[in-house]
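Here is the file data.cif (mmCIF, C-alpha atoms and all ligand atoms).
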```cif
data_start
#
loop_
_atom_site.label_atom_id
_atom_site.label_comp_id
_atom_site.auth_asym_id
_atom_site.auth_seq_id
_atom_site.Cartn_x
_atom_site.Cartn_y
_atom_site.Cartn_z
CA LEU A 1 -2.73 3.47 -27.73
CA VAL A 2 -1.77 6.04 -30.33
CA LEU A 3 -0.11 8.05 -27.59
CA LEU A 4 1.81 4.99 -26.45
CA GLU A 5 3.16 4.26 -29.92
CA GLN A 6 4.14 7.90 -30.23
CA LEU A 7 5.83 7.76 -26.84
CA ARG A 8 7.88 4.72 -27.79
CA ALA A 9 9.01 6.58 -30.90
CA ALA A 10 9.63 9.75 -28.88
CA VAL A 11 12.13 8.00 -26.61
CA ARG A 12 13.90 6.57 -29.65
CA ASP A 13 13.82 9.73 -31.76
CA GLY A 14 14.98 12.18 -29.14
CA GLU A 15 11.75 14.03 -28.40
CA LEU A 16 12.16 13.81 -24.64
CA ARG A 17 13.64 16.70 -22.67
CA VAL A 18 14.72 17.06 -19.07
CA HIS A 19 13.88 20.17 -17.09
CA TYR A 20 15.53 20.86 -13.76
CA GLN A 21 13.99 22.32 -10.63
CA PRO A 22 16.52 23.96 -8.30
CA ARG A 23 16.62 22.92 -4.70
CA GLN A 24 17.84 25.31 -2.01
CA HIS A 25 19.86 24.78 1.16
CA LEU A 26 17.63 26.71 3.58
CA PRO A 27 20.13 27.93 6.18
CA SER A 28 22.38 29.54 3.56
CA GLY A 29 19.89 30.20 0.77
CA THR A 30 22.25 28.66 -1.78
CA LEU A 31 21.60 26.14 -4.55
CA SER A 32 22.11 22.60 -3.27
CA GLY A 33 20.91 20.59 -6.22
CA VAL A 34 18.28 20.06 -8.87
CA GLU A 35 15.51 17.56 -9.55
CA ALA A 36 15.33 16.18 -13.08
CA LEU A 37 11.77 16.18 -14.46
CA VAL A 38 10.99 14.71 -17.86
CA ARG A 39 9.06 16.56 -20.60
CA TRP A 40 7.99 15.44 -24.05
CA GLN A 41 8.49 17.84 -26.92
CA HIS A 42 5.59 16.48 -28.94
CA PRO A 43 5.76 17.31 -32.67
CA THR A 44 2.20 18.70 -32.81
CA ARG A 45 0.97 19.05 -29.23
CA GLY A 46 3.85 21.09 -27.85
CA LEU A 47 5.71 20.49 -24.59
CA LEU A 48 3.87 17.79 -22.63
CA GLN A 49 4.12 17.42 -18.85
CA PRO A 50 4.63 14.00 -17.21
CA ALA A 51 0.99 13.98 -16.05
CA GLU A 52 0.04 13.48 -19.70
CA PHE A 53 2.24 10.43 -20.36
CA ILE A 54 4.02 9.02 -17.30
CA ASP A 55 1.16 6.70 -16.23
CA ALA A 56 0.94 5.26 -19.75
CA ALA A 57 4.72 4.79 -19.71
CA GLU A 58 4.50 3.03 -16.36
CA GLU A 59 1.61 0.73 -17.30
CA SER A 60 3.11 -0.25 -20.66
CA GLY A 61 6.69 -0.72 -19.53
CA VAL A 62 7.96 2.12 -21.73
CA ILE A 63 9.12 3.66 -18.44
CA ARG A 64 12.13 1.33 -18.60
CA ASP A 65 13.61 2.98 -21.70
CA LEU A 66 12.28 6.41 -20.76
CA GLY A 67 13.81 6.13 -17.29
CA ALA A 68 17.14 4.92 -18.65
CA TRP A 69 17.20 7.90 -21.03
CA VAL A 70 16.37 10.41 -18.27
CA LEU A 71 19.01 8.93 -15.95
CA THR A 72 21.71 9.16 -18.62
CA GLU A 73 20.71 12.67 -19.65
CA ALA A 74 20.60 13.94 -16.05
CA VAL A 75 23.94 12.37 -15.11
CA GLU A 76 25.55 13.77 -18.26
CA GLN A 77 24.10 17.21 -17.49
CA ALA A 78 25.70 17.12 -14.04
CA VAL A 79 29.03 16.35 -15.70
CA ARG A 80 28.50 19.19 -18.22
CA TRP A 81 27.88 21.66 -15.39
CA ASP A 82 31.03 20.41 -13.64
CA ALA A 83 33.04 20.84 -16.83
CA ALA A 84 31.70 24.40 -17.17
CA GLY A 85 33.09 25.23 -13.71
CA GLY A 86 29.88 24.72 -11.75
CA LEU A 87 29.37 24.09 -8.07
CA PRO A 88 31.26 20.81 -7.42
CA GLY A 89 28.82 19.34 -4.91
CA LEU A 90 25.61 19.98 -6.84
CA GLN A 91 23.22 17.07 -6.34
CA MET A 92 21.27 15.58 -9.22
CA ALA A 93 17.95 14.02 -8.17
CA VAL A 94 16.19 11.59 -10.51
CA ASN A 95 12.73 10.04 -9.97
CA LEU A 96 12.20 6.30 -10.08
CA SER A 97 8.78 4.67 -10.50
CA ALA A 98 7.59 1.44 -8.87
CA ARG A 99 8.26 -0.48 -12.07
CA GLN A 100 11.76 0.93 -12.41
CA LEU A 101 12.47 -0.03 -8.81
CA ALA A 102 11.32 -3.61 -9.52
CA ASP A 103 13.45 -3.90 -12.69
CA PRO A 104 16.39 -6.30 -12.12
CA GLY A 105 18.36 -4.20 -14.63
CA LEU A 106 18.14 -1.06 -12.50
CA VAL A 107 21.20 -1.45 -10.29
CA PRO A 108 23.64 -2.35 -13.09
CA ARG A 109 22.16 0.45 -15.22
CA VAL A 110 22.73 3.04 -12.51
CA ALA A 111 26.27 1.77 -11.93
CA GLY A 112 27.03 1.74 -15.66
CA THR A 113 25.58 5.20 -16.28
CA LEU A 114 27.65 6.75 -13.50
CA ALA A 115 30.82 4.96 -14.59
CA ARG A 116 30.44 5.90 -18.28
CA ALA A 117 29.77 9.54 -17.47
CA GLY A 118 32.41 9.70 -14.73
CA LEU A 119 30.11 11.07 -12.05
CA ARG A 120 30.75 10.25 -8.41
CA ALA A 121 27.84 8.13 -7.10
CA SER A 122 27.20 10.42 -4.13
CA ARG A 123 26.20 13.23 -6.52
CA LEU A 124 23.13 11.24 -7.58
CA VAL A 125 19.95 11.13 -5.50
CA LEU A 126 17.29 8.63 -6.50
CA GLU A 127 13.77 9.70 -5.46
CA ILE A 128 11.32 6.89 -4.84
CA THR A 129 7.77 7.54 -3.67
CA GLU A 130 6.61 6.10 -0.42
CA THR A 131 3.88 4.29 -2.40
CA ALA A 132 6.40 2.67 -4.78
CA LEU A 133 8.52 1.53 -1.83
CA MET A 134 5.52 -0.03 -0.13
CA SER A 135 4.19 -1.88 -3.18
CA ASP A 136 6.73 -4.64 -2.40
CA PRO A 137 8.69 -3.52 0.64
CA GLU A 138 10.87 -6.63 0.93
CA ALA A 139 12.02 -6.41 -2.67
CA ALA A 140 12.44 -2.64 -2.35
CA LEU A 141 14.64 -3.10 0.71
CA ALA A 142 17.01 -5.41 -1.17
CA THR A 143 17.24 -3.03 -4.14
CA LEU A 144 17.78 -0.01 -1.91
CA GLN A 145 20.63 -1.83 -0.21
CA GLU A 146 22.27 -2.53 -3.57
CA LEU A 147 21.83 1.08 -4.70
CA ARG A 148 23.20 2.30 -1.39
CA ALA A 149 26.21 0.02 -1.84
CA LEU A 150 26.98 1.87 -5.08
CA GLY A 151 27.15 5.07 -3.05
CA VAL A 152 24.09 6.82 -4.49
CA LEU A 153 21.77 8.69 -2.11
CA LEU A 154 18.15 7.70 -1.69
CA ALA A 155 15.15 9.92 -1.00
CA VAL A 156 11.59 9.01 0.00
CA ASP A 157 9.46 11.16 -2.31
CA ASP A 158 5.95 12.46 -1.48
CA PHE A 159 6.55 11.53 2.14
CA GLY A 160 3.41 11.48 4.26
CA THR A 161 0.97 10.59 1.49
CA GLY A 162 1.49 6.81 1.38
CA TYR A 163 1.14 4.00 3.86
CA SER A 164 4.68 3.32 5.00
CA SER A 165 4.97 1.96 8.49
CA PHE A 166 7.73 3.07 10.81
CA THR A 167 8.90 -0.55 10.82
CA TYR A 168 9.86 -0.24 7.15
CA LEU A 169 10.99 3.33 7.31
CA LYS A 170 13.46 2.31 9.98
CA GLN A 171 14.83 -0.48 7.77
CA PHE A 172 15.02 1.36 4.44
CA PRO A 173 18.57 2.69 4.01
CA VAL A 174 17.46 6.16 2.88
CA ASP A 175 19.17 9.53 3.18
CA GLU A 176 16.34 12.04 2.71
CA LEU A 177 12.65 12.56 3.35
CA LYS A 178 10.92 14.79 0.82
CA ILE A 179 7.89 16.19 2.61
CA ASP A 180 4.90 16.17 0.27
CA ARG A 181 3.82 19.52 -1.05
CA SER A 182 0.22 19.07 0.13
CA PHE A 183 1.40 19.64 3.72
CA VAL A 184 3.76 22.46 2.81
CA THR A 185 0.97 24.27 0.96
CA GLY A 186 -1.20 24.28 4.06
CA MET A 187 1.44 24.94 6.69
CA THR A 188 1.04 28.71 7.02
CA THR A 189 -2.77 28.58 7.27
CA ASP A 190 -3.55 25.19 8.80
CA ALA A 191 -2.30 24.15 12.24
CA GLY A 192 -2.64 20.47 11.33
CA ASP A 193 -0.45 20.80 8.23
CA ARG A 194 2.08 22.79 10.19
CA ALA A 195 2.21 20.07 12.86
CA ILE A 196 2.67 17.40 10.18
CA VAL A 197 5.55 19.29 8.55
CA ALA A 198 7.18 19.88 11.95
CA SER A 199 6.83 16.16 12.76
CA CYS A 200 8.35 15.14 9.44
CA VAL A 201 11.35 17.42 10.03
CA HIS A 202 11.83 16.03 13.54
CA LEU A 203 11.41 12.46 12.35
CA ALA A 204 13.94 12.96 9.57
CA HIS A 205 16.49 14.42 11.94
CA ALA A 206 15.89 11.81 14.65
CA MET A 207 16.63 9.15 12.03
CA GLY A 208 19.70 10.96 10.74
CA LEU A 209 18.04 11.97 7.47
CA VAL A 210 17.95 15.21 5.53
CA ALA A 211 14.53 16.92 5.51
CA VAL A 212 13.51 18.42 2.17
CA ALA A 213 10.26 20.35 1.67
CA GLU A 214 8.51 20.25 -1.70
CA GLY A 215 6.13 22.74 -3.23
CA VAL A 216 7.28 25.94 -1.49
CA GLU A 217 5.36 28.78 -3.15
CA THR A 218 5.68 31.71 -0.74
CA ALA A 219 8.29 33.51 1.37
CA ALA A 220 6.10 32.79 4.41
CA GLU A 221 6.39 29.05 3.78
CA ARG A 222 10.13 29.34 3.26
CA ASP A 223 10.50 31.26 6.54
CA ALA A 224 8.32 28.79 8.45
CA LEU A 225 10.37 25.86 7.12
CA ARG A 226 13.60 27.58 8.08
CA ALA A 227 12.24 28.19 11.59
CA LEU A 228 11.42 24.48 11.87
CA GLY A 229 15.00 23.57 10.92
CA CYS A 230 14.09 22.01 7.59
CA ASP A 231 17.33 21.49 5.66
CA GLN A 232 16.38 22.03 2.04
CA ALA A 233 13.42 23.20 0.00
CA GLN A 234 12.15 23.20 -3.54
CA GLY A 235 9.18 24.91 -5.15
CA TYR A 236 7.88 27.62 -7.45
CA PHE A 237 8.93 30.29 -4.92
CA PHE A 238 12.55 29.50 -5.81
CA SER A 239 12.05 28.34 -9.38
CA ARG A 240 9.81 26.30 -11.64
CA PRO A 241 11.44 23.38 -13.44
CA VAL A 242 13.46 24.98 -16.26
CA PRO A 243 15.65 23.87 -19.17
CA PRO A 244 19.29 23.28 -18.20
CA SER A 245 20.48 26.57 -19.72
CA GLU A 246 18.26 28.48 -17.26
CA VAL A 247 19.49 26.83 -14.07
CA PRO A 248 21.61 29.36 -12.15
CA VAL A 249 24.49 27.05 -11.26
CA PRO A 250 27.15 29.09 -9.42
CA GLY A 251 30.25 29.37 -11.54
CA VAL A 252 28.46 28.57 -14.79
CA VAL A 253 27.87 31.54 -17.04
CA VAL A 254 24.35 31.48 -18.48
CA PRO A 255 24.50 32.30 -22.19
O1 LIG A 301 6.54 18.71 -13.14
P1 LIG A 301 6.05 17.60 -12.80
O2 LIG A 301 4.83 17.73 -13.64
O3 LIG A 301 7.26 17.58 -13.64
O4 LIG A 301 6.15 16.00 -12.57
C1 LIG A 301 5.00 15.27 -12.29
C2 LIG A 301 5.31 13.89 -11.79
O5 LIG A 301 6.01 13.13 -12.76
C3 LIG A 301 6.15 13.89 -10.54
O6 LIG A 301 5.46 13.08 -9.61
C4 LIG A 301 7.42 13.22 -10.93
O7 LIG A 301 7.87 12.40 -9.89
C5 LIG A 301 7.06 12.43 -12.16
N1 LIG A 301 8.23 12.39 -13.03
C6 LIG A 301 8.80 13.43 -13.65
N2 LIG A 301 9.90 13.04 -14.33
C7 LIG A 301 10.03 11.72 -14.11
C8 LIG A 301 10.98 10.72 -14.52
O8 LIG A 301 11.96 11.00 -15.21
N3 LIG A 301 10.77 9.46 -14.12
C9 LIG A 301 9.72 9.10 -13.36
N4 LIG A 301 9.60 7.82 -13.00
N5 LIG A 301 8.81 9.99 -12.91
C10 LIG A 301 8.96 11.29 -13.29
O1 LIG A 302 6.14 14.08 -7.32
P1 LIG A 302 7.38 14.83 -7.54
O2 LIG A 302 7.75 15.39 -6.23
O3 LIG A 302 8.52 14.16 -8.14
O4 LIG A 302 6.95 16.03 -8.40
C1 LIG A 302 7.48 17.20 -8.64
C2 LIG A 302 6.25 17.87 -9.23
O5 LIG A 302 5.84 18.97 -8.42
C3 LIG A 302 6.46 18.41 -10.59
O6 LIG A 302 5.28 18.24 -11.28
C4 LIG A 302 6.71 19.88 -10.34
O7 LIG A 302 6.43 20.65 -11.47
C5 LIG A 302 5.72 20.12 -9.22
N1 LIG A 302 6.06 21.27 -8.38
C6 LIG A 302 7.29 21.65 -8.02
N2 LIG A 302 7.24 22.76 -7.25
C7 LIG A 302 5.94 23.06 -7.11
C8 LIG A 302 5.25 24.10 -6.42
O8 LIG A 302 5.82 24.96 -5.75
N3 LIG A 302 3.91 24.10 -6.51
C9 LIG A 302 3.22 23.17 -7.21
N4 LIG A 302 1.92 23.27 -7.25
N5 LIG A 302 3.84 22.18 -7.88
C10 LIG A 302 5.18 22.11 -7.82
MN MN A 303 10.28 13.88 -7.02
NA NA A 304 7.06 14.56 -4.70
#
```
Would you kindly transcribe this structure into structure tokens?
Amino acid sequence: LVLLEQLRAAVRDGELRVHYQPRQHLPSGTLSGVEALVRWQHPTRGLLQPAEFIDAAEESGVIRDLGAWVLTEAVEQAVRWDAAGGLPGLQMAVNLSARQLADPGLVPRVAGTLARAGLRASRLVLEITETALMSDPEAALATLQELRALGVLLAVDDFGTGYSSFTYLKQFPVDELKIDRSFVTGMTTDAGDRAIVASCVHLAHAMGLVAVAEGVETAAERDALRALGCDQAQGYFFSRPVPPSEVPVPGVVVP
């Protein structure tokens, strides 16, 4: 409860930070985008990871304000990189929780944030976990259609760990599957994990979606993903999530 009160104040008082994890286009090995990941610069406990506060934010509803802040910050950061001469097509991925997805204010907030910042909608990717999508699939479908109509891209996050049926997957107007890191981690040592990753890549392509692998930690995993035709990848092998000044955006000079 103390943490929750502190978190409310943190959102208000500017203690949140956004770190960015680069994402690579596998065929070319170039930067394709970044995922925005929230941190909390706590006055006494140091830099806190989402694992320490995101569930409390979700359960209490603080996620609404927190999410709105992250979205604005991430969209404005994309515009700052553009203004500094950065890669024009760089994609900015932002995570949405189940509660954010169910919030009737979400669609107008996304539209308003993009319009105020002047960022083209197709530069924004909203990542929604398979579990969040399936908590109320009918409602999710309607919201996804509205978001899609704005022109933003949609990704199914942690793909393979939830309970989505192909019936829904076929209906959800999504652009990307992000293959969960648990499968990627095992793919060079476990035939089952490798088969799952290969199936996810094939499924994504058969449905006209981009396949993105999460949690790549070794060159062997990167090479295996490339061989499978996976389009993009993200993970500690390329970079940990870092503050914006440390993201190597082509064209932007790092101070
Ligand atoms: O680095 P990592 O510890 O950053 O993130 C852990 C989890 O927290 C991930 O599952 C991620 O989706 C979630 N997360 C990180 N930032 C945000 C955010 O801004 N909004 C939401 N809803 N989830 C986030
Ligand atoms: O659930 P989501 O996919 O949004 O979460 C991203 C989370 O995964 C963050 O906590 C991020 O720090 C973490 N992460 C990113 N790359 C790697 C990796 O290569 N290995 C591990 N173990 N975690 C990673
Ligand atoms: Mn994510
Ligand atoms: Na994920």
- Item | Residue among A:Ala78, A:Ala213, A:Ala102, A:Ala111 lying closest to ligand NA 304 (chain A), counting only C-alpha atoms and all ligand atoms |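 The shortest atom-to-atom distance to ligand NA 304 (chain A) comes from A:Ala213.
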Give the residues close to ligand NA 304 (chain A), within 6 Å, counting only C-alpha atoms and all ligand atoms; write them as an mmCIF file with C-alpha atoms, keeping the file's coordinate frame.
```
data_model
loop_
_atom_site.group_PDB
_atom_site.id
_atom_site.type_symbol
_atom_site.label_atom_id
_atom_site.label_comp_id
_atom_site.auth_asym_id
_atom_site.auth_seq_id
_atom_site.Cartn_x
_atom_site.Cartn_y
_atom_site.Cartn_z
ATOM 1 C CA ASP A 157 9.460 11.160 -2.310
ATOM 2 C CA ASP A 158 5.950 12.460 -1.480
ATOM 3 C CA ASP A 180 4.900 16.170 0.270
#
```
- What residues have any atom no more than 9 Å from ligand LIG 301 (chain A) when counting all atoms listed in the file, and can you list them as a PyMOL selection string? chain A and resi 18-21+35-39+49-55+57-58+63-64+66-71+94-100+127-129+157-158+240-241
How would the residues just picked look written out with C-alpha atoms as a PDB file, in the frame of the given file?
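Everything below was put into selection20.pdb:
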```pdb
ATOM      1  CA  VAL A  18      14.720  17.060 -19.070  1.00  0.00           C
ATOM      2  CA  HIS A  19      13.880  20.170 -17.090  1.00  0.00           C
ATOM      3  CA  TYR A  20      15.530  20.860 -13.760  1.00  0.00           C
ATOM      4  CA  GLN A  21      13.990  22.320 -10.630  1.00  0.00           C
ATOM      5  CA  GLU A  35      15.510  17.560  -9.550  1.00  0.00           C
ATOM      6  CA  ALA A  36      15.330  16.180 -13.080  1.00  0.00           C
ATOM      7  CA  LEU A  37      11.770  16.180 -14.460  1.00  0.00           C
ATOM      8  CA  VAL A  38      10.990  14.710 -17.860  1.00  0.00           C
ATOM      9  CA  ARG A  39       9.060  16.560 -20.600  1.00  0.00           C
ATOM     10  CA  GLN A  49       4.120  17.420 -18.850  1.00  0.00           C
ATOM     11  CA  PRO A  50       4.630  14.000 -17.210  1.00  0.00           C
ATOM     12  CA  ALA A  51       0.990  13.980 -16.050  1.00  0.00           C
ATOM     13  CA  GLU A  52       0.040  13.480 -19.700  1.00  0.00           C
ATOM     14  CA  PHE A  53       2.240  10.430 -20.360  1.00  0.00           C
ATOM     15  CA  ILE A  54       4.020   9.020 -17.300  1.00  0.00           C
ATOM     16  CA  ASP A  55       1.160   6.700 -16.230  1.00  0.00           C
ATOM     17  CA  ALA A  57       4.720   4.790 -19.710  1.00  0.00           C
ATOM     18  CA  GLU A  58       4.500   3.030 -16.360  1.00  0.00           C
ATOM     19  CA  ILE A  63       9.120   3.660 -18.440  1.00  0.00           C
ATOM     20  CA  ARG A  64      12.130   1.330 -18.600  1.00  0.00           C
ATOM     21  CA  LEU A  66      12.280   6.410 -20.760  1.00  0.00           C
ATOM     22  CA  GLY A  67      13.810   6.130 -17.290  1.00  0.00           C
ATOM     23  CA  ALA A  68      17.140   4.920 -18.650  1.00  0.00           C
ATOM     24  CA  TRP A  69      17.200   7.900 -21.030  1.00  0.00           C
ATOM     25  CA  VAL A  70      16.370  10.410 -18.270  1.00  0.00           C
ATOM     26  CA  LEU A  71      19.010   8.930 -15.950  1.00  0.00           C
ATOM     27  CA  VAL A  94      16.190  11.590 -10.510  1.00  0.00           C
ATOM     28  CA  ASN A  95      12.730  10.040  -9.970  1.00  0.00           C
ATOM     29  CA  LEU A  96      12.200   6.300 -10.080  1.00  0.00           C
ATOM     30  CA  SER A  97       8.780   4.670 -10.500  1.00  0.00           C
ATOM     31  CA  ALA A  98       7.590   1.440  -8.870  1.00  0.00           C
ATOM     32  CA  ARG A  99       8.260  -0.480 -12.070  1.00  0.00           C
ATOM     33  CA  GLN A 100      11.760   0.930 -12.410  1.00  0.00           C
ATOM     34  CA  GLU A 127      13.770   9.700  -5.460  1.00  0.00           C
ATOM     35  CA  ILE A 128      11.320   6.890  -4.840  1.00  0.00           C
ATOM     36  CA  THR A 129       7.770   7.540  -3.670  1.00  0.00           C
ATOM     37  CA  ASP A 157       9.460  11.160  -2.310  1.00  0.00           C
ATOM     38  CA  ASP A 158       5.950  12.460  -1.480  1.00  0.00           C
ATOM     39  CA  ARG A 240       9.810  26.300 -11.640  1.00  0.00           C
ATOM     40  CA  PRO A 241      11.440  23.380 -13.440  1.00  0.00           C
TER      41      PRO A 241
END
```
- Message: One number please: atom CA of A:Gly112 to atom CA of A:Ala142, in Å, one decimal.
- Response: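 Interatomic distance here is 19.0 Å.
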- Could you state the separation of atom CA of A:Leu150 and atom CA of A:Gly89 in Å, given to one decimal place?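 Those two atoms sit 17.6 Å apart.
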- Note on the structure: Shortest contact to ligand LIG 302 (chain A), candidates A:Val34, A:Leu203, A:Val62, A:Val254, atoms counted all atoms listed in the file, goes to A:Val34
- Task: Between atom CA of A:Ala233 and atom CA of A:Val210, measure the distance and give it in Å to one decimal.
- Result: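 Atom-to-atom, atom CA of A:Ala233 to atom CA of A:Val210, that is 10.7 Å.
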Please define a box with edges along x, y and z of the file around all atoms of ligand LIG 302 (chain A) given in the file, extend it by 4 Å on each side, and return its centre and edge lengths in Å to one decimal, as JSON.
```
{"center_x": 5.2, "center_y": 19.5, "center_z": -8.6, "size_x": 14.6, "size_y": 18.9, "size_z": 13.7}
```
Take the point (21.7, 2.7, -7.5) in the file's coordinates, draw a sphere of radius 12 Å around it, and report as a PDB file with C-alpha atoms, in the frame of the given file every protein, DNA or RNA residue with an atom inside or on it, counting only C-alpha atoms.
```
ATOM      1  CA  LEU A  71      19.010   8.930 -15.950  1.00  0.00           C
ATOM      2  CA  ALA A  93      17.950  14.020  -8.170  1.00  0.00           C
ATOM      3  CA  VAL A  94      16.190  11.590 -10.510  1.00  0.00           C
ATOM      4  CA  ASN A  95      12.730  10.040  -9.970  1.00  0.00           C
ATOM      5  CA  LEU A  96      12.200   6.300 -10.080  1.00  0.00           C
ATOM      6  CA  GLN A 100      11.760   0.930 -12.410  1.00  0.00           C
ATOM      7  CA  LEU A 101      12.470  -0.030  -8.810  1.00  0.00           C
ATOM      8  CA  ASP A 103      13.450  -3.900 -12.690  1.00  0.00           C
ATOM      9  CA  PRO A 104      16.390  -6.300 -12.120  1.00  0.00           C
ATOM     10  CA  GLY A 105      18.360  -4.200 -14.630  1.00  0.00           C
ATOM     11  CA  LEU A 106      18.140  -1.060 -12.500  1.00  0.00           C
ATOM     12  CA  VAL A 107      21.200  -1.450 -10.290  1.00  0.00           C
ATOM     13  CA  PRO A 108      23.640  -2.350 -13.090  1.00  0.00           C
ATOM     14  CA  ARG A 109      22.160   0.450 -15.220  1.00  0.00           C
ATOM     15  CA  VAL A 110      22.730   3.040 -12.510  1.00  0.00           C
ATOM     16  CA  ALA A 111      26.270   1.770 -11.930  1.00  0.00           C
ATOM     17  CA  GLY A 112      27.030   1.740 -15.660  1.00  0.00           C
ATOM     18  CA  THR A 113      25.580   5.200 -16.280  1.00  0.00           C
ATOM     19  CA  LEU A 114      27.650   6.750 -13.500  1.00  0.00           C
ATOM     20  CA  ALA A 115      30.820   4.960 -14.590  1.00  0.00           C
ATOM     21  CA  ARG A 120      30.750  10.250  -8.410  1.00  0.00           C
ATOM     22  CA  ALA A 121      27.840   8.130  -7.100  1.00  0.00           C
ATOM     23  CA  SER A 122      27.200  10.420  -4.130  1.00  0.00           C
ATOM     24  CA  ARG A 123      26.200  13.230  -6.520  1.00  0.00           C
ATOM     25  CA  LEU A 124      23.130  11.240  -7.580  1.00  0.00           C
ATOM     26  CA  VAL A 125      19.950  11.130  -5.500  1.00  0.00           C
ATOM     27  CA  LEU A 126      17.290   8.630  -6.500  1.00  0.00           C
ATOM     28  CA  GLU A 127      13.770   9.700  -5.460  1.00  0.00           C
ATOM     29  CA  ILE A 128      11.320   6.890  -4.840  1.00  0.00           C
ATOM     30  CA  ALA A 140      12.440  -2.640  -2.350  1.00  0.00           C
ATOM     31  CA  ALA A 142      17.010  -5.410  -1.170  1.00  0.00           C
ATOM     32  CA  THR A 143      17.240  -3.030  -4.140  1.00  0.00           C
ATOM     33  CA  LEU A 144      17.780  -0.010  -1.910  1.00  0.00           C
ATOM     34  CA  GLN A 145      20.630  -1.830  -0.210  1.00  0.00           C
ATOM     35  CA  GLU A 146      22.270  -2.530  -3.570  1.00  0.00           C
ATOM     36  CA  LEU A 147      21.830   1.080  -4.700  1.00  0.00           C
ATOM     37  CA  ARG A 148      23.200   2.300  -1.390  1.00  0.00           C
ATOM     38  CA  ALA A 149      26.210   0.020  -1.840  1.00  0.00           C
ATOM     39  CA  LEU A 150      26.980   1.870  -5.080  1.00  0.00           C
ATOM     40  CA  GLY A 151      27.150   5.070  -3.050  1.00  0.00           C
ATOM     41  CA  VAL A 152      24.090   6.820  -4.490  1.00  0.00           C
ATOM     42  CA  LEU A 153      21.770   8.690  -2.110  1.00  0.00           C
ATOM     43  CA  LEU A 154      18.150   7.700  -1.690  1.00  0.00           C
ATOM     44  CA  ALA A 155      15.150   9.920  -1.000  1.00  0.00           C
ATOM     45  CA  PRO A 173      18.570   2.690   4.010  1.00  0.00           C
ATOM     46  CA  VAL A 174      17.460   6.160   2.880  1.00  0.00           C
TER      47      VAL A 174
END
```
